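**Student:** So I've got this file, coords_16.pdb, and it contains PDB, C-alpha atoms, pLDDT in the B column:
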```pdb
MODEL        1
ATOM      1  CA  MET C  27     -13.323   5.736  60.529  1.00 53.00           C
ATOM      2  CA  LEU C  28     -14.464   9.363  60.356  1.00 55.00           C
ATOM      3  CA  LYS C  29     -17.790   9.750  58.574  1.00 65.00           C
ATOM      4  CA  ILE C  30     -18.024  13.055  56.702  1.00 71.00           C
ATOM      5  CA  SER C  31     -21.229  13.946  54.896  1.00 75.00           C
ATOM      6  CA  SER C  32     -22.931  17.118  53.792  1.00 78.00           C
ATOM      7  CA  GLN C  33     -24.718  17.171  57.156  1.00 81.00           C
ATOM      8  CA  PHE C  34     -21.355  17.097  58.938  1.00 78.00           C
ATOM      9  CA  PHE C  35     -20.762  20.795  58.224  1.00 83.00           C
ATOM     10  CA  ILE C  36     -24.176  21.681  59.655  1.00 87.00           C
ATOM     11  CA  LEU C  37     -23.965  19.378  62.672  1.00 84.00           C
ATOM     12  CA  ILE C  38     -20.516  20.600  63.794  1.00 81.00           C
ATOM     13  CA  PRO C  39     -21.593  24.214  64.480  1.00 87.00           C
ATOM     14  CA  LEU C  40     -24.865  23.015  66.022  1.00 88.00           C
ATOM     15  CA  ALA C  41     -22.971  20.730  68.409  1.00 86.00           C
ATOM     16  CA  MET C  42     -20.463  23.460  69.205  1.00 86.00           C
ATOM     17  CA  GLY C  43     -23.419  25.740  69.880  1.00 89.00           C
ATOM     18  CA  ILE C  44     -24.462  23.392  72.689  1.00 91.00           C
ATOM     19  CA  GLY C  45     -21.088  23.926  74.335  1.00 89.00           C
ATOM     20  CA  ILE C  46     -21.353  27.687  73.853  1.00 89.00           C
ATOM     21  CA  ALA C  47     -24.875  27.690  75.299  1.00 92.00           C
ATOM     22  CA  MET C  48     -23.795  25.539  78.259  1.00 93.00           C
ATOM     23  CA  ALA C  49     -20.925  27.902  79.084  1.00 91.00           C
ATOM     24  CA  PHE C  50     -23.294  30.882  78.940  1.00 92.00           C
ATOM     25  CA  GLN C  51     -25.903  29.022  80.983  1.00 94.00           C
ATOM     26  CA  THR C  52     -23.391  28.116  83.674  1.00 93.00           C
ATOM     27  CA  ALA C  53     -22.058  31.666  83.906  1.00 93.00           C
ATOM     28  CA  LEU C  54     -25.563  33.156  83.988  1.00 95.00           C
ATOM     29  CA  ASN C  55     -26.798  30.667  86.584  1.00 94.00           C
ATOM     30  CA  ALA C  56     -23.747  31.262  88.774  1.00 93.00           C
ATOM     31  CA  GLN C  57     -24.560  34.999  88.690  1.00 94.00           C
ATOM     32  CA  LEU C  58     -28.219  34.227  89.383  1.00 95.00           C
ATOM     33  CA  ARG C  59     -27.126  32.421  92.545  1.00 94.00           C
ATOM     34  CA  GLU C  60     -25.765  35.735  93.846  1.00 92.00           C
ATOM     35  CA  TYR C  61     -29.338  37.095  93.878  1.00 95.00           C
ATOM     36  CA  LEU C  62     -30.891  33.991  95.384  1.00 95.00           C
ATOM     37  CA  TYR C  63     -29.999  31.964  98.447  1.00 89.00           C
ATOM     38  CA  SER C  64     -28.659  28.687  97.064  1.00 93.00           C
ATOM     39  CA  PRO C  65     -27.627  26.827  93.912  1.00 94.00           C
ATOM     40  CA  LEU C  66     -30.882  24.876  94.138  1.00 95.00           C
ATOM     41  CA  GLN C  67     -32.981  28.047  94.078  1.00 96.00           C
ATOM     42  CA  ALA C  68     -31.012  29.355  91.102  1.00 95.00           C
ATOM     43  CA  ALA C  69     -31.495  25.994  89.362  1.00 95.00           C
ATOM     44  CA  LEU C  70     -35.224  26.086  90.113  1.00 96.00           C
ATOM     45  CA  LEU C  71     -35.596  29.501  88.515  1.00 97.00           C
ATOM     46  CA  SER C  72     -33.530  28.382  85.521  1.00 96.00           C
ATOM     47  CA  PHE C  73     -35.666  25.240  85.092  1.00 95.00           C
ATOM     48  CA  LEU C  74     -38.866  27.251  85.527  1.00 97.00           C
ATOM     49  CA  VAL C  75     -37.906  29.610  82.698  1.00 97.00           C
ATOM     50  CA  GLY C  76     -36.825  26.648  80.569  1.00 96.00           C
ATOM     51  CA  THR C  77     -40.086  24.822  81.287  1.00 96.00           C
ATOM     52  CA  ILE C  78     -42.142  27.853  80.245  1.00 97.00           C
ATOM     53  CA  VAL C  79     -40.166  28.186  76.994  1.00 97.00           C
ATOM     54  CA  LEU C  80     -40.553  24.453  76.287  1.00 96.00           C
ATOM     55  CA  ALA C  81     -44.297  24.598  77.032  1.00 96.00           C
ATOM     56  CA  ILE C  82     -44.718  27.415  74.505  1.00 97.00           C
ATOM     57  CA  LEU C  83     -42.648  25.554  71.885  1.00 96.00           C
ATOM     58  CA  VAL C  84     -44.587  22.301  72.397  1.00 95.00           C
ATOM     59  CA  PHE C  85     -47.898  24.177  72.275  1.00 94.00           C
ATOM     60  CA  PHE C  86     -47.063  25.539  68.820  1.00 95.00           C
ATOM     61  CA  GLN C  87     -45.388  22.328  67.610  1.00 95.00           C
ATOM     62  CA  GLN C  88     -47.080  20.564  64.743  1.00 94.00           C
ATOM     63  CA  GLY C  89     -48.130  16.955  65.173  1.00 92.00           C
ATOM     64  CA  GLN C  90     -49.538  14.679  67.794  1.00 92.00           C
ATOM     65  CA  LYS C  91     -49.060  15.331  71.511  1.00 92.00           C
ATOM     66  CA  PRO C  92     -48.862  12.517  74.073  1.00 91.00           C
ATOM     67  CA  ASN C  93     -51.904  11.754  76.191  1.00 93.00           C
ATOM     68  CA  LEU C  94     -52.021  10.514  79.786  1.00 94.00           C
ATOM     69  CA  GLU C  95     -52.176   6.888  78.623  1.00 95.00           C
ATOM     70  CA  THR C  96     -48.909   7.310  76.711  1.00 95.00           C
ATOM     71  CA  LEU C  97     -47.198   8.994  79.664  1.00 95.00           C
ATOM     72  CA  ILE C  98     -48.246   6.219  82.049  1.00 96.00           C
ATOM     73  CA  HIS C  99     -46.588   3.572  79.854  1.00 96.00           C
ATOM     74  CA  ILE C 100     -43.188   5.278  79.664  1.00 96.00           C
ATOM     75  CA  PRO C 101     -40.620   3.073  81.452  1.00 94.00           C
ATOM     76  CA  TRP C 102     -39.739   4.419  84.909  1.00 94.00           C
ATOM     77  CA  PHE C 103     -36.034   4.893  84.174  1.00 94.00           C
ATOM     78  CA  LEU C 104     -36.740   7.275  81.294  1.00 94.00           C
ATOM     79  CA  TRP C 105     -38.082   9.764  83.832  1.00 94.00           C
ATOM     80  CA  LEU C 106     -34.605  10.008  85.393  1.00 94.00           C
ATOM     81  CA  GLY C 107     -33.423  12.448  82.700  1.00 93.00           C
ATOM     82  CA  GLY C 108     -35.054  15.315  84.572  1.00 93.00           C
ATOM     83  CA  CYS C 109     -33.304  14.283  87.804  1.00 94.00           C
ATOM     84  CA  LEU C 110     -29.976  14.194  85.985  1.00 95.00           C
ATOM     85  CA  GLY C 111     -30.669  17.681  84.642  1.00 93.00           C
ATOM     86  CA  VAL C 112     -31.274  18.931  88.191  1.00 94.00           C
ATOM     87  CA  TYR C 113     -27.972  17.390  89.278  1.00 95.00           C
ATOM     88  CA  ALA C 114     -26.076  18.868  86.316  1.00 94.00           C
ATOM     89  CA  ILE C 115     -27.439  22.388  86.596  1.00 95.00           C
ATOM     90  CA  SER C 116     -27.357  22.608  90.404  1.00 94.00           C
ATOM     91  CA  THR C 117     -23.851  21.192  90.640  1.00 95.00           C
ATOM     92  CA  SER C 118     -22.536  23.452  87.888  1.00 94.00           C
ATOM     93  CA  ILE C 119     -23.961  26.484  89.701  1.00 94.00           C
ATOM     94  CA  PHE C 120     -22.184  25.367  92.878  1.00 94.00           C
ATOM     95  CA  THR C 121     -18.837  24.385  91.303  1.00 94.00           C
ATOM     96  CA  ALA C 122     -18.394  27.018  88.557  1.00 93.00           C
ATOM     97  CA  PRO C 123     -17.230  29.814  90.879  1.00 93.00           C
ATOM     98  CA  LYS C 124     -14.831  27.427  92.636  1.00 91.00           C
ATOM     99  CA  LEU C 125     -13.314  25.646  89.618  1.00 91.00           C
ATOM    100  CA  GLY C 126     -13.701  28.316  86.924  1.00 90.00           C
ATOM    101  CA  LEU C 127     -15.683  27.817  83.737  1.00 92.00           C
ATOM    102  CA  LEU C 128     -12.792  26.379  81.708  1.00 91.00           C
ATOM    103  CA  THR C 129     -11.915  23.634  84.191  1.00 90.00           C
ATOM    104  CA  LEU C 130     -15.574  22.863  84.894  1.00 91.00           C
ATOM    105  CA  SER C 131     -16.336  22.609  81.176  1.00 91.00           C
ATOM    106  CA  GLY C 132     -13.320  20.385  80.608  1.00 90.00           C
ATOM    107  CA  LEU C 133     -14.345  18.053  83.415  1.00 91.00           C
ATOM    108  CA  ILE C 134     -17.921  17.928  82.130  1.00 93.00           C
ATOM    109  CA  ILE C 135     -16.699  17.075  78.639  1.00 91.00           C
ATOM    110  CA  PHE C 136     -14.310  14.423  79.981  1.00 91.00           C
ATOM    111  CA  GLY C 137     -17.134  12.879  82.030  1.00 92.00           C
ATOM    112  CA  GLN C 138     -19.337  12.839  78.934  1.00 93.00           C
ATOM    113  CA  ILE C 139     -16.579  11.185  76.916  1.00 93.00           C
ATOM    114  CA  VAL C 140     -15.925   8.450  79.485  1.00 93.00           C
ATOM    115  CA  MET C 141     -19.623   7.667  79.924  1.00 94.00           C
ATOM    116  CA  SER C 142     -20.213   7.820  76.156  1.00 93.00           C
ATOM    117  CA  MET C 143     -17.399   5.336  75.554  1.00 94.00           C
ATOM    118  CA  ILE C 144     -18.994   2.972  78.087  1.00 95.00           C
ATOM    119  CA  PHE C 145     -22.431   3.390  76.481  1.00 95.00           C
ATOM    120  CA  ASP C 146     -20.905   2.787  73.030  1.00 95.00           C
ATOM    121  CA  GLN C 147     -18.846  -0.212  74.155  1.00 96.00           C
ATOM    122  CA  PHE C 148     -21.817  -2.074  75.632  1.00 96.00           C
ATOM    123  CA  GLY C 149     -24.645  -0.629  73.519  1.00 95.00           C
ATOM    124  CA  LEU C 150     -26.456   0.650  76.617  1.00 94.00           C
ATOM    125  CA  LEU C 151     -29.909   2.253  76.366  1.00 92.00           C
ATOM    126  CA  GLY C 152     -30.245   1.478  72.667  1.00 91.00           C
ATOM    127  CA  VAL C 153     -26.969   3.091  71.576  1.00 92.00           C
ATOM    128  CA  GLU C 154     -25.285   1.354  68.650  1.00 93.00           C
ATOM    129  CA  LYS C 155     -22.337  -0.748  69.835  1.00 95.00           C
ATOM    130  CA  THR C 156     -18.993   0.810  68.958  1.00 94.00           C
ATOM    131  CA  PRO C 157     -15.971  -0.795  70.619  1.00 95.00           C
ATOM    132  CA  ILE C 158     -13.472   1.349  72.486  1.00 94.00           C
ATOM    133  CA  SER C 159     -10.490   1.578  70.163  1.00 94.00           C
ATOM    134  CA  TRP C 160      -6.998   2.738  71.071  1.00 95.00           C
ATOM    135  CA  SER C 161      -7.573   5.996  69.186  1.00 94.00           C
ATOM    136  CA  ARG C 162     -10.795   6.728  71.104  1.00 93.00           C
ATOM    137  CA  PHE C 163      -9.126   5.844  74.398  1.00 94.00           C
ATOM    138  CA  PHE C 164      -6.101   8.000  73.547  1.00 95.00           C
ATOM    139  CA  GLY C 165      -8.411  10.890  72.581  1.00 93.00           C
ATOM    140  CA  ALA C 166     -10.037  10.727  76.016  1.00 92.00           C
ATOM    141  CA  ILE C 167      -6.609  10.729  77.702  1.00 95.00           C
ATOM    142  CA  VAL C 168      -5.554  13.770  75.649  1.00 95.00           C
ATOM    143  CA  ILE C 169      -8.698  15.629  76.706  1.00 91.00           C
ATOM    144  CA  PHE C 170      -8.139  14.718  80.369  1.00 91.00           C
ATOM    145  CA  SER C 171      -4.532  15.904  80.077  1.00 93.00           C
ATOM    146  CA  GLY C 172      -5.841  19.188  78.696  1.00 90.00           C
ATOM    147  CA  VAL C 173      -8.213  19.504  81.644  1.00 87.00           C
ATOM    148  CA  LEU C 174      -5.288  19.013  84.030  1.00 88.00           C
ATOM    149  CA  LEU C 175      -3.481  21.858  82.288  1.00 89.00           C
ATOM    150  CA  THR C 176      -6.459  24.167  82.924  1.00 85.00           C
ATOM    151  CA  LEU C 177      -6.080  23.731  86.672  1.00 79.00           C
ATOM    152  CA  GLN C 178      -3.213  26.248  86.616  1.00 72.00           C
ATOM    153  CA  ARG C 179      -4.646  29.704  87.236  1.00 65.00           C
TER     154      ARG C 179
ENDMDL
END
```
What do you get writing this file as structure tokens?
**Tutor:**
Amino acid sequence: MLKISSQFFILIPLAMGIGIAMAFQTALNAQLREYLYSPLQAALLSFLVGTIVLAILVFFQQGQKPNLETLIHIPWFLWLGGCLGVYAISTSIFTAPKLGLLTLSGLIIFGQIVMSMIFDQFGLLGVEKTPISWSRFFGAIVIFSGVLLTLQR
């Protein structure tokens, strides 16, 4: 059942903004690669800029900051998010010129949908359990079909 609230109309453009930002980021990073020597070097520069921006934002953020003791007690697998970011950014820099932004974005979204359905189905990593229904499954198939249509250039 679709849940529509007053926040829904704020969250939709914010979520769409992520997709817009990711498309821009991929295109910019692919161009950055032309000036550097590899997708990894372009990703490093992108992460460096992002890290500086995050450091400034955290510095000015209100509230408590974690200390070394807190960081030490974070479960090991929660540190993998940064590794996954390296994979995502580096691979998108490498594949964007070969696949095109539309196909790459479609495949990324389809991958997110499949993995999200698995996370929802089994309640992995603290996600609320939501069974895979026929409508959710069909929605994923429709999106994959759309991705296949983007392969025609």
**Student:** Any chance you could work out the residue set of the PyMOL selection byres ((chain C and resi 118) around 9) here, as a PyMOL selection string?
**Tutor:** chain C and resi 52+55-56+65+113-117+119-123+130
**Student:** Please determine, counting all atoms listed in the file, which residue among C:Phe136, C:Phe148, C:Phe35, C:Tyr61 has the shortest atom-to-atom distance to Leu174 in chain C.
**Tutor:**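 Once distances to Leu174 in chain C are computed over all atoms listed in the file, the minimum belongs to C:Phe136.
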**Student:** Pick from C:Ala81, C:Ile46, C:Leu37, C:Leu66: nearest to Gly111 in chain C, with all atoms listed in the file counted?
**Tutor:**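 For Gly111 in chain C, the nearest of the given residues is C:Leu66.
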**Student:** Find the distance between CA of Leu40 in chain C and CA of Gln147 in chain C and write it in Å to one decimal.
**Tutor:**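 Separation of CA of Leu40 in chain C and CA of Gln147 in chain C: 25.3 Å.
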**Student:** With only C-alpha atoms as the basis for distance, which of C:Gly152, C:Gly76, C:Gln178, C:Ile135 is at the shortest distance from Ala166 in chain C?
**Tutor:**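 Answer, going by the shortest atom-to-atom distance: C:Ile135.
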**Student:** Residues at most 10 Å from Leu54 in chain C, counting only C-alpha atoms, excluding those fewer than 5 positions away in the same chain, as a PDB file with C-alpha atoms, in the coordinates of the input?
**Tutor:**
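As written to disk, selection-v9.pdb reads:
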```
ATOM      1  CA  MET C  48     -23.795  25.539  78.259  1.00 93.00           C
ATOM      2  CA  ALA C  49     -20.925  27.902  79.084  1.00 91.00           C
ATOM      3  CA  ARG C  59     -27.126  32.421  92.545  1.00 94.00           C
ATOM      4  CA  ALA C  68     -31.012  29.355  91.102  1.00 95.00           C
ATOM      5  CA  SER C  72     -33.530  28.382  85.521  1.00 96.00           C
ATOM      6  CA  ILE C 119     -23.961  26.484  89.701  1.00 94.00           C
TER       7      ILE C 119
END
```
**Student:** Give me, please, the distance in Å between CA of Ser131 in chain C and CA of Val168 in chain C, quoted to one decimal.
**Tutor:**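 Separation of CA of Ser131 in chain C and CA of Val168 in chain C: 15.0 Å.
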**Student:** Suppose a student applies the PyMOL selection byres ((chain C and resi 142) around 12) to this structure; what residues should they get, written as a ChimeraX atom specification?
**Tutor:** /C:134-141,143-151,153-158,162-163,166
**Student:** For Phe50 in chain C, which of C:Phe170, C:Leu128, C:Leu80, C:Leu177 is the closest residue, counting only C-alpha atoms?
**Tutor:**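 Comparing C:Phe170, C:Leu128, C:Leu80, C:Leu177 against Phe50 in chain C, the winner is C:Leu128.
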**Student:** Nearest residue to Thr77 in chain C out of C:Ala53, C:Gly126, C:Phe34, C:Gly108, using only C-alpha atoms?
**Tutor:**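 With only C-alpha atoms as the atom set, the closest residue is C:Gly108.
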**Student:** Quick one: of C:Gln87, C:Phe73, C:Ile169, C:Ser159, who's nearest to Val112 in chain C, counting only C-alpha atoms?
**Tutor:**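 Of all the options, C:Phe73 lies closest to Val112 in chain C.
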**Student:** For range 163-179 of chain C, what centre and edge lengths in Å (one decimal) does the axis-aligned box get once 3 Å is added on each side of all its listed atoms, as JSON?
**Tutor:**
```
{"center_x": -6.6, "center_y": 17.8, "center_z": 79.9, "size_x": 12.8, "size_y": 29.9, "size_z": 20.7}
```
**Student:** If I take CA of Thr176 in chain C and CA of Leu125 in chain C, how far is one from the other in Å, to one decimal?
**Tutor:**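 About the pair CA of Thr176 in chain C and CA of Leu125 in chain C: they are 9.7 Å apart.
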